[in-house]
Amino acid sequence: MRCPHCRHADSRVIDSREHDEGQVIRRRRACPACGRRFTTVEEATLAVIKRSGVTEPFSRQKVINGVRRACQGRPVDEDALAQLAQAVEDAIRATGAAEVPSEQVGLAILGPLRRLDEVAYLRFASVYQAFSSIDDFENAITELRAEHRVDGPDHDQVDRDRPPVDEGTASEHSSGASQ
């Protein structure tokens, strides 16, 4: 590191401290030539490669803004959005890559958003994954329901609490719909 005072090509690190959960390192340095001290701040940059090929710095705020649109009208607060954005950034940084495609950011959003709010997840996924038909929605909903059966509450109990469906009425509705 070049000394900002005398431009000497070398310096000695006196102290290092991590900030922002290790994402930023603050170093106190001393120049062996002039003896003056100075501070450097090192931050690992994370860049996103957009579909157009343009590279821009990762923005937690952009993640929050995109997810906020999907959560519009849903019971999701700003703290939850901030935590989701942090989880997305942590997941992307964990890959160790300095540059990631925007598609990878979108995929990193889907998991935490699915756990946060399923309706917002479906909204975001429908845009991100370019749902083109109602079948795409049905497949996504089927996946969510299957996940609930494996991980979630006892859905058999929920089904037992519902009134029974009159089979005759159900077949009349389905045959009427196909005519």
# chains A, B, ... in the order shown; residues from 1 in each chain; ligands from 1

call {"tool": "residues_around", "arguments": {"residues": "region 76-87 of chain A", "least_positions_apart": "4", "cutoff": "9 Å", "atoms": "only C-alpha atoms", "output": "number ranges by chain"}}
result
A: 60-65, 67-68, 71-72, 91-92, 108-109, 112-113, 116-117

call {"tool": "write_last_selection", "arguments": {"atoms": "C-alpha atoms", "output": "compact mmCIF listing (two decimals), in the first residue's frame"}}
result
# COMPACT_ATOMS: atom_id res chain seq x y z
CA ARG A 60 -29.28 -4.91 -1.29
CA GLN A 61 -31.73 -2.04 -1.82
CA LYS A 62 -32.61 -3.34 -5.31
CA VAL A 63 -33.40 -6.74 -3.79
CA ILE A 64 -35.62 -5.08 -1.18
CA ASN A 65 -37.41 -2.97 -3.81
CA VAL A 67 -39.38 -8.11 -3.17
CA ARG A 68 -41.40 -5.21 -1.75
CA CYS A 71 -45.17 -8.30 -1.05
CA GLN A 72 -47.51 -5.38 -1.76
CA ALA A 91 -25.89 -16.71 -0.04
CA ILE A 92 -24.35 -15.01 -3.06
CA ALA A 108 -31.24 -16.71 -4.28
CA ILE A 109 -34.36 -14.60 -3.60
CA PRO A 112 -36.14 -17.01 1.48
CA LEU A 113 -39.21 -15.39 -0.11
CA LEU A 116 -41.43 -15.47 4.20
CA ASP A 117 -44.72 -15.32 2.28

call {"tool": "select_by_dssp", "arguments": {"residues": "region 9-71 of chain A", "states": "helix (DSSP H, G or I)", "output": "ChimeraX atom specification"}}
result
/A:60-70

call {"tool": "write_last_selection", "arguments": {"atoms": "N, CA and C atoms", "output": "short mmCIF file (atom, residue, chain, number, x, y, z; two decimals), in the first residue's frame"}}
result
data_model
loop_
_atom_site.label_atom_id
_atom_site.label_comp_id
_atom_site.auth_asym_id
_atom_site.auth_seq_id
_atom_site.Cartn_x
_atom_site.Cartn_y
_atom_site.Cartn_z
N ARG A 60 -28.29 -4.34 -2.20
CA ARG A 60 -29.28 -4.91 -1.29
C ARG A 60 -30.61 -4.17 -1.44
N GLN A 61 -30.53 -2.85 -1.68
CA GLN A 61 -31.73 -2.04 -1.82
C GLN A 61 -32.55 -2.47 -3.04
N LYS A 62 -31.87 -2.86 -4.13
CA LYS A 62 -32.61 -3.34 -5.31
C LYS A 62 -33.35 -4.64 -4.99
N VAL A 63 -32.74 -5.50 -4.21
CA VAL A 63 -33.40 -6.74 -3.79
C VAL A 63 -34.64 -6.38 -2.97
N ILE A 64 -34.49 -5.48 -2.02
CA ILE A 64 -35.62 -5.08 -1.18
C ILE A 64 -36.74 -4.48 -2.03
N ASN A 65 -36.39 -3.60 -2.96
CA ASN A 65 -37.41 -2.97 -3.81
C ASN A 65 -38.17 -3.99 -4.64
N GLY A 66 -37.46 -4.96 -5.23
CA GLY A 66 -38.12 -5.99 -6.03
C GLY A 66 -39.03 -6.86 -5.21
N VAL A 67 -38.57 -7.25 -4.04
CA VAL A 67 -39.38 -8.11 -3.17
C VAL A 67 -40.54 -7.32 -2.58
N ARG A 68 -40.32 -6.05 -2.30
CA ARG A 68 -41.40 -5.21 -1.75
C ARG A 68 -42.59 -5.18 -2.72
N ARG A 69 -42.32 -5.08 -4.02
CA ARG A 69 -43.41 -5.08 -5.01
C ARG A 69 -44.19 -6.39 -4.94
N ALA A 70 -43.48 -7.51 -4.80
CA ALA A 70 -44.16 -8.80 -4.71
C ALA A 70 -44.95 -8.92 -3.41
#

call {"tool": "residues_around", "arguments": {"residues": "Val100 (chain A)", "least_positions_apart": "4", "cutoff": "9 Å", "atoms": "only C-alpha atoms", "output": "VMD selection string"}}
result
chain A and resid 46 to 50 92 104 to 105

call {"tool": "select_by_dssp", "arguments": {"residues": "chain A", "states": "strand (DSSP E)", "output": "ChimeraX atom specification"}}
result
/A:12-19,24-30,37-43,47-49,55-57,99-101

call {"tool": "closest_residue", "arguments": {"among": "A:Glu42, A:Glu99, A:Glu147, A:Asp15", "to": "Pro57 (chain A)", "atoms": "only C-alpha atoms"}}
result
A:Glu99

call {"tool": "closest_residue", "arguments": {"among": "A:Phe58, A:Pro4, A:Glu103, A:Ala44", "to": "Gln129 (chain A)", "atoms": "only C-alpha atoms"}}
result
A:Glu103

call {"tool": "atom_distance", "arguments": {"atom1": "CA of Thr39 (chain A)", "atom2": "CA of Arg27 (chain A)"}}
result
5.6 Å

call {"tool": "atom_distance", "arguments": {"atom1": "CA of His148 (chain A)", "atom2": "CA of Phe131 (chain A)"}}
result
22.0 Å

call {"tool": "closest_residue", "arguments": {"among": "A:Val54, A:Ile14, A:Cys34, A:Leu122", "to": "Asp136 (chain A)", "atoms": "only C-alpha atoms"}}
result
A:Leu122

call {"tool": "atom_distance", "arguments": {"atom1": "CA of Asp10 (chain A)", "atom2": "CA of Arg26 (chain A)"}}
result
17.3 Å

call {"tool": "closest_residue", "arguments": {"among": "A:Glu43, A:Glu118, A:Pro32, A:Arg93", "to": "Arg74 (chain A)", "atoms": "only C-alpha atoms"}}
result
A:Glu118
